[in-house]
$ cat protein-v1.cif   # mmCIF, C-alpha atoms and all ligand atoms
data_entry
#
loop_
_atom_site.group_PDB
_atom_site.id
_atom_site.type_symbol
_atom_site.label_atom_id
_atom_site.label_comp_id
_atom_site.auth_asym_id
_atom_site.auth_seq_id
_atom_site.Cartn_x
_atom_site.Cartn_y
_atom_site.Cartn_z
ATOM 1 C CA MET U 56 222.369 52.809 23.034
ATOM 2 C CA ARG U 57 223.286 49.175 22.316
ATOM 3 C CA TRP U 58 219.655 48.114 21.969
ATOM 4 C CA LEU U 59 219.040 51.002 19.548
ATOM 5 C CA ILE U 60 221.853 49.759 17.276
ATOM 6 C CA LEU U 61 220.403 46.226 17.466
ATOM 7 C CA ILE U 62 216.908 47.456 16.521
ATOM 8 C CA VAL U 63 218.302 49.512 13.600
ATOM 9 C CA ALA U 64 220.333 46.498 12.415
ATOM 10 C CA LEU U 65 217.235 44.249 12.573
ATOM 11 C CA VAL U 66 215.131 46.784 10.633
ATOM 12 C CA VAL U 67 217.851 47.171 7.967
ATOM 13 C CA ALA U 68 218.233 43.382 7.753
ATOM 14 C CA GLY U 69 214.464 43.015 7.336
ATOM 15 C CA LEU U 70 214.350 45.646 4.600
ATOM 16 C CA VAL U 71 217.315 44.140 2.737
ATOM 17 C CA GLY U 72 215.924 40.621 3.176
ATOM 18 C CA THR U 73 212.479 41.463 1.806
ATOM 19 C CA ALA U 74 213.773 43.702 -1.008
ATOM 20 C CA PHE U 75 216.758 41.708 -2.351
ATOM 21 C CA GLY U 76 216.359 38.228 -0.868
ATOM 22 C CA TRP U 77 217.381 36.701 2.447
ATOM 23 C CA GLN U 78 220.691 35.356 1.112
ATOM 24 C CA TRP U 79 222.024 38.926 1.356
ATOM 25 C CA VAL U 80 221.257 38.886 5.082
ATOM 26 C CA PHE U 81 222.308 35.369 6.056
ATOM 27 C CA ALA U 82 225.456 34.999 3.905
ATOM 28 C CA PRO U 83 227.323 37.852 5.672
ATOM 29 C CA LEU U 84 226.140 36.559 9.058
ATOM 30 C CA LEU U 85 227.417 33.069 8.199
ATOM 31 C CA ALA U 86 230.729 34.497 6.977
ATOM 32 C CA TYR U 87 231.106 36.494 10.203
ATOM 33 C CA ALA U 88 230.348 33.417 12.329
ATOM 34 C CA LEU U 89 232.892 31.313 10.395
ATOM 35 C CA LEU U 90 235.528 34.041 10.744
ATOM 36 C CA LYS U 91 234.975 34.302 14.508
ATOM 37 C CA TRP U 92 235.122 30.511 14.854
ATOM 38 C CA SER U 93 238.347 30.281 12.824
ATOM 39 C CA ILE U 94 240.070 33.008 14.839
ATOM 40 C CA ALA U 95 238.979 31.391 18.113
ATOM 41 C CA SER U 96 240.362 28.012 16.951
ATOM 42 C CA LEU U 97 243.724 29.542 16.038
ATOM 43 C CA ARG U 98 243.817 31.436 19.343
ATOM 44 C CA VAL U 99 243.421 28.146 21.248
ATOM 45 C CA LEU U 100 246.449 26.723 19.409
ATOM 46 C CA VAL U 101 248.559 29.767 20.289
ATOM 47 C CA THR U 102 247.589 29.744 23.979
ATOM 48 C CA ASP U 103 248.276 25.968 24.127
ATOM 49 C CA ALA U 104 251.768 26.509 22.718
ATOM 50 C CA LYS U 105 252.467 29.285 25.241
ATOM 51 C CA HIS U 106 251.266 27.004 28.041
ATOM 52 C CA ASP U 107 253.743 24.274 26.958
ATOM 53 C CA VAL U 108 256.660 26.733 26.957
ATOM 54 C CA GLU U 109 255.796 27.923 30.468
ATOM 55 C CA GLU U 110 255.598 24.326 31.701
ATOM 56 C CA SER U 111 259.022 23.452 30.286
ATOM 57 C CA LYS U 112 260.602 26.433 32.070
ATOM 58 C CA ALA U 113 259.196 25.202 35.384
ATOM 59 C CA ALA U 114 260.517 21.631 34.964
ATOM 60 C CA PRO U 115 263.302 20.721 37.415
ATOM 61 C CA VAL U 116 266.731 20.029 35.915
ATOM 62 C CA GLY U 117 269.740 18.292 37.454
ATOM 63 C CA THR U 118 268.097 16.541 40.397
ATOM 64 C CA ASP U 119 269.326 13.192 41.732
ATOM 65 C CA GLU U 120 266.306 11.326 40.475
ATOM 66 C CA ARG U 121 265.466 10.222 36.960
ATOM 67 C CA ILE U 122 262.120 9.820 35.357
ATOM 68 C CA LEU U 123 261.335 6.820 33.184
ATOM 69 C CA PHE U 124 258.289 6.417 30.995
ATOM 70 C CA TRP U 125 256.880 3.017 30.126
ATOM 71 C CA CYS U 126 254.251 1.953 27.661
ATOM 72 C CA GLU U 127 251.427 -0.080 29.131
ATOM 73 C CA GLU U 128 250.633 -1.587 25.728
ATOM 74 C CA CYS U 129 254.015 -3.013 24.605
ATOM 75 C CA GLY U 130 256.339 -2.513 27.594
ATOM 76 C CA THR U 131 258.736 -0.078 25.943
ATOM 77 C CA GLU U 132 260.686 2.054 28.428
ATOM 78 C CA VAL U 133 262.048 5.511 27.690
ATOM 79 C CA LEU U 134 264.546 7.542 29.720
ATOM 80 C CA LEU U 135 264.326 11.224 28.956
ATOM 81 C CA LEU U 136 267.653 13.016 29.384
ATOM 82 C CA VAL U 137 266.198 16.427 28.593
ATOM 83 C CA ARG U 138 262.554 16.992 29.218
ATOM 84 C CA GLY U 139 260.868 19.510 26.958
ATOM 85 C CA THR U 140 257.444 19.610 28.568
ATOM 86 C CA SER U 141 255.812 18.144 31.637
ATOM 87 C CA ARG U 142 253.516 16.114 29.406
ATOM 88 C CA ALA U 143 254.332 12.406 29.072
ATOM 89 C CA PRO U 144 255.471 11.153 25.645
ATOM 90 C CA SER U 145 253.152 8.969 23.584
ATOM 91 C CA HIS U 146 253.638 5.360 22.454
ATOM 92 C CA CYS U 147 251.203 2.922 20.834
ATOM 93 C CA GLY U 148 248.745 5.771 20.489
ATOM 94 C CA GLN U 149 248.467 6.624 24.172
ATOM 95 C CA ARG U 150 250.328 8.520 26.869
ATOM 96 C CA MET U 151 253.154 6.617 28.580
ATOM 97 C CA ASN U 152 253.142 6.039 32.334
ATOM 98 C CA GLU U 153 255.657 7.896 34.477
ATOM 99 C CA ARG U 154 257.973 6.226 36.996
ATOM 100 C CA THR U 155 260.485 8.122 39.107
ATOM 101 C CA GLU U 156 263.693 6.384 40.226
ATOM 102 C CA ILE U 157 265.866 7.867 42.952
ATOM 103 C CA LEU U 158 269.579 7.455 42.183
ATOM 104 C CA ASN U 159 271.985 6.242 44.890
HETATM 105 ZN ZN ZN U 201 254.049 0.975 23.066
#
$ encode --input "protein-v1.cif" --output "structure tokens"
Amino acid sequence: MRWLILIVALVVAGLVGTAFGWQWVFAPLLAYALLKWSIASLRVLVTDAKHDVEESKAAPVGTDERILFWCEECGTEVLLLVRGTSRAPSHCGQRMNERTEILN
């Protein structure tokens, strides 16, 4: 059944293309491809955001160790009191390195 629809679509596209010009065949195909690409790009952003929220729920809170981040480029150190995501913060255009200190 699927191949029959494809054959009918190709025949109709051929008839329209030869009768009215091929821009009437390729412009809708291009528009459809751009629409699919745009929706897929937006969907990636949404799934990324959901992934970040799930990671932050899994992060441990209130342990007796603290996590410092330091920048390899300039030496800046950051102590995060509340950690939103498990991803390291950025400094000097790159991800900071993680160092865990165990409190006495
Ligand atoms: Zn830096």
$ residues_near_ligand --input "protein-v1.cif" --ligand "ligand ZN 201 (chain U)" --cutoff "6 Å" --atoms "only C-alpha atoms and all ligand atoms" --output "list in words"
Cys126, Glu128, Cys129, Thr131, His146 and Cys147 of chain U
$ closest_residue --input "protein-v1.cif" --among "U:Ser93, U:Asn152, U:Glu120, U:Val101" --to "Glu132 of chain U" --atoms "only C-alpha atoms"
U:Asn152
$ atom_distance --input "protein-v1.cif" --atom1 "atom CA of Ser96 of chain U" --atom2 "atom CA of Phe81 of chain U"
22.3 Å
$ closest_residue --input "protein-v1.cif" --among "U:Tyr87, U:Trp79, U:Trp58, U:Phe124" --to "Thr155 of chain U" --atoms "all atoms listed in the file"
U:Phe124
$ atom_distance --input "protein-v1.cif" --atom1 "atom CA of Trp125 of chain U" --atom2 "atom CA of Arg154 of chain U"
7.7 Å
$ residues_around --input "protein-v1.cif" --residues "Asp119 of chain U" --least-positions-apart "3" --cutoff "10 Å" --atoms "all atoms listed in the file" --output "list in words"
Val116, Glu156, Ile157, Leu158 and Asn159 of chain U
$ write_last_selection --input "protein-v1.cif" --atoms "C-alpha atoms" --output "PDB file, in the coordinates of the input"
ATOM      1  CA  VAL U 116     266.731  20.029  35.915  1.00  0.00           C
ATOM      2  CA  GLU U 156     263.693   6.384  40.226  1.00  0.00           C
ATOM      3  CA  ILE U 157     265.866   7.867  42.952  1.00  0.00           C
ATOM      4  CA  LEU U 158     269.579   7.455  42.183  1.00  0.00           C
ATOM      5  CA  ASN U 159     271.985   6.242  44.890  1.00  0.00           C
TER       6      ASN U 159
END
$ atom_distance --input "protein-v1.cif" --atom1 "atom CA of Val99 of chain U" --atom2 "atom CA of Leu84 of chain U"
22.8 Å
$ closest_residue --input "protein-v1.cif" --among "U:Ala82, U:Met56, U:Leu90, U:Ala95" --to "Ala68 of chain U" --atoms "all atoms listed in the file"
U:Ala82
$ closest_residue --input "protein-v1.cif" --among "U:Ile60, U:Val67, U:Leu97, U:Ala143" --to "Val80 of chain U" --atoms "only C-alpha atoms"
U:Val67
$ axis_aligned_box --input "protein-v1.cif" --around "segment 134-153 of chain U" --padding-each-side "3 Å" --output "JSON"
{"center_x": 258.1, "center_y": 11.3, "center_z": 27.5, "size_x": 25.2, "size_y": 22.7, "size_z": 20.0}
